[in-house]
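Since the structure comes first, as structure tokens, the remarks are kept for the end.
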Amino acid sequence: MTDTTFIKHPAPLISGDFTAAQEPFALFTEWFEEACKAEPNDPNAMALATVDADGLPDLRMVLMKGYDVQGFVFYSHVASQKGRELAANPKAGLLFHWKSLRRQVRIRGNVSPVTEAEADAYFATRPRQAQIGAWASKQSQPLESRFAFEQAIAKVAAKYLVGEVPRPPGWSGWRITPLRIEFWHDRPFRLHDRIEFRRDTPQTAWSKTRLYP
């Protein structure tokens with residue numbers, strides 16, 4: 001995970017005590033901006049949890065590529081395991097863990113595809129080699145050898161030797177619209193601070209609860 005381009009929108013919250021926050025997105029912005037300064041690698045890395053057809057949980061790291069009050073966005077192959085699972089059950093969990101700050105944020109909510117325009121716009125910002133790799137990879141499918149993958153990359157590179165590399169039709173993004181956001185901060189002796197924001201739908205107001213550690 002080396003492509004660290006991302007888009008952020010809400011203004012930071014100015015507050016000395018995060019448990020006093022009344023709205024989660026501004027608090028997330030404050031924490032995320034601090035993580036961008038403190039984390040040595042990929043502050044936008046997040047664990048993405050889905051479930052398969054048997055209800056078995058699945059988990060992997062992805063990179064957040066944008067967020068605003070509508071939700072948190074990432075991109076991948078639609079036919080990947082995560083893509084198939086989200087198509088069958090469009091709900092997901094996210095976890096940001098910023099070890100250097102001793103903080104984590106848990107997010108749960110509904111998932112929807114980004115628009116074609118959004119996917120095109122983000123794909124155009126990717127490094128050219130990453131664009132070529134998106135065409136060459138059959139993500140989550142069996143691969144007979146590394147050499148076969150390198151051959152596929154070479155063929156795509158030759159095809160798009162000049163000009164722009166278009167977005168593959170099977171490559172897009174998803175937006176997780178949160179219904180639950182929990183902020184956790186480490187305290188001595190495991191007496192941590194936790195607050196959770198909840199709402200029934202994206203149109204209703206947030207409620208806040210302080211949780212036992």
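The way I read the labels, and the way they are meant: chains A, B, ... in the order of the structure tokens, residue 1 as the first residue of every chain, and ligand 1 as the first ligand shown, with later ones counted on from there.
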Contacts of segment 38-46 of chain A within 6 Å, only C-alpha atoms, excl. fewer than 5 positions in-chain, as a ChimeraX atom specification: /A:61-64,95-96
Residues flagged strand (DSSP E or B) by DSSP in segment 43-181 of chain A, as number ranges by chain: A: 45-51, 57-63, 66-68, 71-77, 91-98, 103-113, 171-181
Keeping N, CA and C atoms for every residue in the selection just given, could you write it to a file as a compact mmCIF listing (two decimals), in the first residue's frame?
# COMPACT_ATOMS: atom_id res chain seq x y z
N ALA A 45 -4.44 3.88 5.85
CA ALA A 45 -4.71 2.45 5.81
C ALA A 45 -5.82 2.10 6.78
N MET A 46 -6.72 1.24 6.33
CA MET A 46 -7.83 0.82 7.19
C MET A 46 -8.15 -0.64 6.93
N ALA A 47 -8.53 -1.35 7.98
CA ALA A 47 -8.98 -2.72 7.84
C ALA A 47 -10.43 -2.69 7.38
N LEU A 48 -10.73 -3.49 6.36
CA LEU A 48 -12.09 -3.58 5.81
C LEU A 48 -12.64 -4.96 6.12
N ALA A 49 -13.76 -5.02 6.83
CA ALA A 49 -14.39 -6.28 7.19
C ALA A 49 -15.67 -6.48 6.39
N THR A 50 -15.81 -7.66 5.79
CA THR A 50 -17.01 -8.07 5.08
C THR A 50 -17.36 -9.48 5.54
N VAL A 51 -18.45 -10.04 5.00
CA VAL A 51 -18.78 -11.44 5.26
C VAL A 51 -19.07 -12.12 3.95
N PRO A 57 -16.67 -14.13 8.46
CA PRO A 57 -16.05 -12.81 8.32
C PRO A 57 -14.78 -12.87 7.48
N ASP A 58 -14.54 -11.78 6.79
CA ASP A 58 -13.35 -11.63 5.96
C ASP A 58 -12.75 -10.26 6.25
N LEU A 59 -11.43 -10.17 6.26
CA LEU A 59 -10.77 -8.93 6.67
C LEU A 59 -9.50 -8.73 5.87
N ARG A 60 -9.27 -7.47 5.45
CA ARG A 60 -8.04 -7.13 4.73
C ARG A 60 -7.78 -5.62 4.89
N MET A 61 -6.54 -5.23 4.61
CA MET A 61 -6.19 -3.81 4.67
C MET A 61 -6.39 -3.18 3.29
N VAL A 62 -7.01 -2.00 3.28
CA VAL A 62 -7.16 -1.21 2.06
C VAL A 62 -6.78 0.22 2.39
N LEU A 63 -6.71 1.05 1.36
CA LEU A 63 -6.37 2.46 1.57
C LEU A 63 -7.60 3.34 1.35
N GLY A 66 -10.62 8.83 0.10
CA GLY A 66 -11.40 10.04 0.25
C GLY A 66 -12.42 9.86 1.36
N TYR A 67 -12.81 10.96 1.97
CA TYR A 67 -13.90 10.91 2.94
C TYR A 67 -14.53 12.28 3.06
N ASP A 68 -15.79 12.30 3.39
CA ASP A 68 -16.53 13.51 3.71
C ASP A 68 -17.74 13.07 4.53
N GLY A 71 -19.33 9.68 3.64
CA GLY A 71 -18.74 8.40 3.95
C GLY A 71 -17.28 8.29 3.59
N PHE A 72 -16.77 7.06 3.65
CA PHE A 72 -15.35 6.75 3.46
C PHE A 72 -15.20 5.90 2.20
N VAL A 73 -14.27 6.28 1.33
CA VAL A 73 -14.18 5.71 -0.01
C VAL A 73 -12.88 4.93 -0.20
N PHE A 74 -12.99 3.78 -0.85
CA PHE A 74 -11.81 3.03 -1.28
C PHE A 74 -12.10 2.43 -2.65
N TYR A 75 -11.04 1.96 -3.33
CA TYR A 75 -11.16 1.45 -4.70
C TYR A 75 -10.52 0.08 -4.81
N SER A 76 -11.04 -0.72 -5.74
CA SER A 76 -10.50 -2.06 -5.95
C SER A 76 -11.17 -2.67 -7.18
N HIS A 77 -10.92 -3.95 -7.40
CA HIS A 77 -11.55 -4.69 -8.49
C HIS A 77 -12.94 -5.16 -8.06
N LYS A 91 -22.81 -4.22 3.37
CA LYS A 91 -22.54 -3.66 4.70
C LYS A 91 -21.08 -3.99 5.03
N ALA A 92 -20.43 -3.12 5.80
CA ALA A 92 -19.02 -3.35 6.08
C ALA A 92 -18.61 -2.67 7.38
N GLY A 93 -17.47 -3.12 7.89
CA GLY A 93 -16.84 -2.47 9.03
C GLY A 93 -15.45 -2.00 8.63
N LEU A 94 -15.02 -0.87 9.21
CA LEU A 94 -13.69 -0.32 8.97
C LEU A 94 -13.00 -0.12 10.32
N LEU A 95 -11.68 -0.22 10.29
CA LEU A 95 -10.90 0.07 11.49
C LEU A 95 -9.64 0.82 11.09
N PHE A 96 -9.46 2.01 11.64
CA PHE A 96 -8.20 2.74 11.57
C PHE A 96 -7.48 2.54 12.89
N HIS A 97 -6.21 2.14 12.81
CA HIS A 97 -5.40 1.99 14.02
C HIS A 97 -4.12 2.80 13.83
N TRP A 98 -3.99 3.88 14.57
CA TRP A 98 -2.80 4.72 14.50
C TRP A 98 -1.96 4.43 15.74
N ARG A 103 -4.38 5.41 19.11
CA ARG A 103 -5.78 5.69 18.83
C ARG A 103 -6.31 4.72 17.80
N GLN A 104 -7.61 4.49 17.86
CA GLN A 104 -8.26 3.76 16.79
C GLN A 104 -9.67 4.30 16.59
N VAL A 105 -10.18 4.11 15.37
CA VAL A 105 -11.54 4.51 15.02
C VAL A 105 -12.21 3.32 14.36
N ARG A 106 -13.35 2.91 14.89
CA ARG A 106 -14.14 1.83 14.32
C ARG A 106 -15.37 2.41 13.64
N ILE A 107 -15.67 1.91 12.44
CA ILE A 107 -16.77 2.43 11.63
C ILE A 107 -17.58 1.26 11.10
N ARG A 108 -18.90 1.36 11.20
CA ARG A 108 -19.80 0.34 10.64
C ARG A 108 -20.90 1.04 9.87
N GLY A 109 -21.27 0.46 8.72
CA GLY A 109 -22.33 1.11 7.97
C GLY A 109 -22.66 0.40 6.67
N ASN A 110 -23.48 1.07 5.88
CA ASN A 110 -23.92 0.56 4.60
C ASN A 110 -22.94 0.95 3.50
N VAL A 111 -22.90 0.15 2.46
CA VAL A 111 -21.94 0.34 1.37
C VAL A 111 -22.68 0.56 0.06
N SER A 112 -22.18 1.49 -0.74
CA SER A 112 -22.74 1.74 -2.07
C SER A 112 -21.59 2.03 -3.03
N PRO A 113 -21.77 1.71 -4.33
CA PRO A 113 -20.72 2.00 -5.31
C PRO A 113 -20.56 3.51 -5.51
N TRP A 171 -13.05 -2.21 -12.53
CA TRP A 171 -12.32 -1.57 -11.42
C TRP A 171 -13.10 -0.33 -11.01
N SER A 172 -13.44 -0.24 -9.73
CA SER A 172 -14.24 0.91 -9.29
C SER A 172 -14.06 1.12 -7.80
N GLY A 173 -15.01 1.79 -7.17
CA GLY A 173 -14.87 2.11 -5.75
C GLY A 173 -16.17 1.95 -5.01
N TRP A 174 -16.07 2.03 -3.69
CA TRP A 174 -17.21 1.89 -2.80
C TRP A 174 -17.15 2.99 -1.75
N ARG A 175 -18.31 3.33 -1.25
CA ARG A 175 -18.42 4.32 -0.17
C ARG A 175 -19.14 3.67 1.01
N ILE A 176 -18.49 3.69 2.17
CA ILE A 176 -19.12 3.20 3.40
C ILE A 176 -19.75 4.39 4.10
N THR A 177 -21.07 4.40 4.18
CA THR A 177 -21.80 5.47 4.86
C THR A 177 -22.04 5.04 6.29
N PRO A 178 -21.41 5.66 7.26
CA PRO A 178 -21.42 5.13 8.63
C PRO A 178 -22.73 5.34 9.37
N LEU A 179 -23.09 4.33 10.13
CA LEU A 179 -24.18 4.41 11.10
C LEU A 179 -23.64 4.33 12.53
N ARG A 180 -22.40 3.85 12.68
CA ARG A 180 -21.72 3.78 13.97
C ARG A 180 -20.27 4.23 13.76
N ILE A 181 -19.78 5.12 14.60
CA ILE A 181 -18.37 5.51 14.59
C ILE A 181 -17.91 5.57 16.04
Alpha helix (DSSP H) residues, from DSSP on the backbone, in chain A, as a ChimeraX atom specification: /A:24-38,81-88,116-123,128-136,146-159
Those residues with C-alpha atoms, as a PDB file, in the first residue's frame please?
ATOM      1  CA  PRO A  24     -17.921  12.539  14.492  1.00  0.00           C
ATOM      2  CA  PHE A  25     -16.650  13.755  11.124  1.00  0.00           C
ATOM      3  CA  ALA A  26     -14.876  16.836  12.429  1.00  0.00           C
ATOM      4  CA  LEU A  27     -13.300  14.731  15.179  1.00  0.00           C
ATOM      5  CA  PHE A  28     -12.179  12.163  12.608  1.00  0.00           C
ATOM      6  CA  THR A  29     -10.599  14.954  10.557  1.00  0.00           C
ATOM      7  CA  GLU A  30      -8.671  16.185  13.588  1.00  0.00           C
ATOM      8  CA  TRP A  31      -7.388  12.715  14.396  1.00  0.00           C
ATOM      9  CA  PHE A  32      -6.616  11.883  10.780  1.00  0.00           C
ATOM     10  CA  GLU A  33      -4.593  15.066  10.264  1.00  0.00           C
ATOM     11  CA  GLU A  34      -2.578  14.245  13.381  1.00  0.00           C
ATOM     12  CA  ALA A  35      -2.058  10.708  12.083  1.00  0.00           C
ATOM     13  CA  CYS A  36      -0.766  12.064   8.775  1.00  0.00           C
ATOM     14  CA  LYS A  37       1.964  13.838  10.727  1.00  0.00           C
ATOM     15  CA  ALA A  38       2.769  10.976  13.114  1.00  0.00           C
ATOM     16  CA  GLN A  81     -13.369 -11.288  -3.145  1.00  0.00           C
ATOM     17  CA  LYS A  82     -14.231  -8.091  -1.315  1.00  0.00           C
ATOM     18  CA  GLY A  83     -16.155  -6.825  -4.346  1.00  0.00           C
ATOM     19  CA  ARG A  84     -18.222  -9.997  -4.611  1.00  0.00           C
ATOM     20  CA  GLU A  85     -18.945 -10.011  -0.892  1.00  0.00           C
ATOM     21  CA  LEU A  86     -20.026  -6.373  -0.903  1.00  0.00           C
ATOM     22  CA  ALA A  87     -22.292  -6.981  -3.901  1.00  0.00           C
ATOM     23  CA  ALA A  88     -24.034  -9.796  -2.012  1.00  0.00           C
ATOM     24  CA  GLU A 116     -18.523   6.233 -12.739  1.00  0.00           C
ATOM     25  CA  ALA A 117     -17.295   9.828 -12.759  1.00  0.00           C
ATOM     26  CA  GLU A 118     -15.763   9.463  -9.296  1.00  0.00           C
ATOM     27  CA  ALA A 119     -14.014   6.231 -10.261  1.00  0.00           C
ATOM     28  CA  ASP A 120     -12.684   7.761 -13.496  1.00  0.00           C
ATOM     29  CA  ALA A 121     -11.419  10.859 -11.695  1.00  0.00           C
ATOM     30  CA  TYR A 122      -9.557   8.876  -9.038  1.00  0.00           C
ATOM     31  CA  PHE A 123      -8.117   6.339 -11.489  1.00  0.00           C
ATOM     32  CA  ARG A 128       0.834   4.904 -14.546  1.00  0.00           C
ATOM     33  CA  GLN A 129       2.322   1.593 -13.389  1.00  0.00           C
ATOM     34  CA  ALA A 130      -0.545   1.164 -10.923  1.00  0.00           C
ATOM     35  CA  GLN A 131      -3.023   1.862 -13.724  1.00  0.00           C
ATOM     36  CA  ILE A 132      -1.372  -0.828 -15.855  1.00  0.00           C
ATOM     37  CA  GLY A 133      -1.406  -3.222 -12.914  1.00  0.00           C
ATOM     38  CA  ALA A 134      -5.152  -2.735 -12.503  1.00  0.00           C
ATOM     39  CA  TRP A 135      -5.629  -4.037 -16.061  1.00  0.00           C
ATOM     40  CA  ALA A 136      -3.188  -6.933 -15.656  1.00  0.00           C
ATOM     41  CA  ARG A 146       4.835 -14.500 -10.777  1.00  0.00           C
ATOM     42  CA  PHE A 147       6.227 -14.734 -14.308  1.00  0.00           C
ATOM     43  CA  ALA A 148       2.696 -15.047 -15.716  1.00  0.00           C
ATOM     44  CA  PHE A 149       1.709 -11.861 -13.905  1.00  0.00           C
ATOM     45  CA  GLU A 150       4.776 -10.015 -15.184  1.00  0.00           C
ATOM     46  CA  GLN A 151       3.926 -11.145 -18.727  1.00  0.00           C
ATOM     47  CA  ALA A 152       0.397  -9.785 -18.330  1.00  0.00           C
ATOM     48  CA  ILE A 153       1.806  -6.471 -17.098  1.00  0.00           C
ATOM     49  CA  ALA A 154       4.165  -6.294 -20.082  1.00  0.00           C
ATOM     50  CA  LYS A 155       1.300  -6.903 -22.532  1.00  0.00           C
ATOM     51  CA  VAL A 156      -0.815  -4.130 -21.012  1.00  0.00           C
ATOM     52  CA  ALA A 157       2.175  -1.757 -20.942  1.00  0.00           C
ATOM     53  CA  ALA A 158       2.778  -2.433 -24.643  1.00  0.00           C
ATOM     54  CA  LYS A 159      -0.895  -1.830 -25.446  1.00  0.00           C
TER      55      LYS A 159
END
Exercise: segment 18-20 of chain A partners within 8 Å, only C-alpha atoms, chain neighbours under 5 positions left out, as a PyMOL selection string: chain A and resi 27+193-195+210
Restricting the output to N, CA and C atoms, write the selected residues as a PDB file, in the first residue's frame.
ATOM      1  N   LEU A  27     -14.253  15.391  14.291  1.00  0.00           N
ATOM      2  CA  LEU A  27     -13.300  14.731  15.179  1.00  0.00           C
ATOM      3  C   LEU A  27     -12.412  13.782  14.383  1.00  0.00           C
ATOM      4  N   ASP A 193     -10.299   5.730  27.032  1.00  0.00           N
ATOM      5  CA  ASP A 193     -11.451   6.566  26.714  1.00  0.00           C
ATOM      6  C   ASP A 193     -12.091   6.063  25.423  1.00  0.00           C
ATOM      7  N   ARG A 194     -13.419   5.911  25.448  1.00  0.00           N
ATOM      8  CA  ARG A 194     -14.170   5.481  24.272  1.00  0.00           C
ATOM      9  C   ARG A 194     -15.461   6.280  24.166  1.00  0.00           C
ATOM     10  N   ILE A 195     -15.752   6.780  22.983  1.00  0.00           N
ATOM     11  CA  ILE A 195     -17.067   7.362  22.723  1.00  0.00           C
ATOM     12  C   ILE A 195     -17.583   6.790  21.409  1.00  0.00           C
ATOM     13  N   ARG A 210     -20.774   7.540  25.903  1.00  0.00           N
ATOM     14  CA  ARG A 210     -19.452   7.188  26.416  1.00  0.00           C
ATOM     15  C   ARG A 210     -19.494   5.726  26.852  1.00  0.00           C
TER      16      ARG A 210
END
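Counting only C-alpha atoms and comparing A:His185, A:His192, A:Arg167, A:Lys208, the residue that lies closest to Thr125 of chain A is A:Arg167.
Interatomic distance, atom CA of Glu144 of chain A against atom CA of Tyr160 of chain A: 24.6 Å.
Among the candidates A:Pro127, A:Glu182, A:Asn89, A:Arg187, the one nearest to Trp206 of chain A when counting only C-alpha atoms is A:Glu182.
Taking atom CA of Arg102 of chain A as the reference point, atom CA of Asp186 of chain A is found at 5.4 Å.
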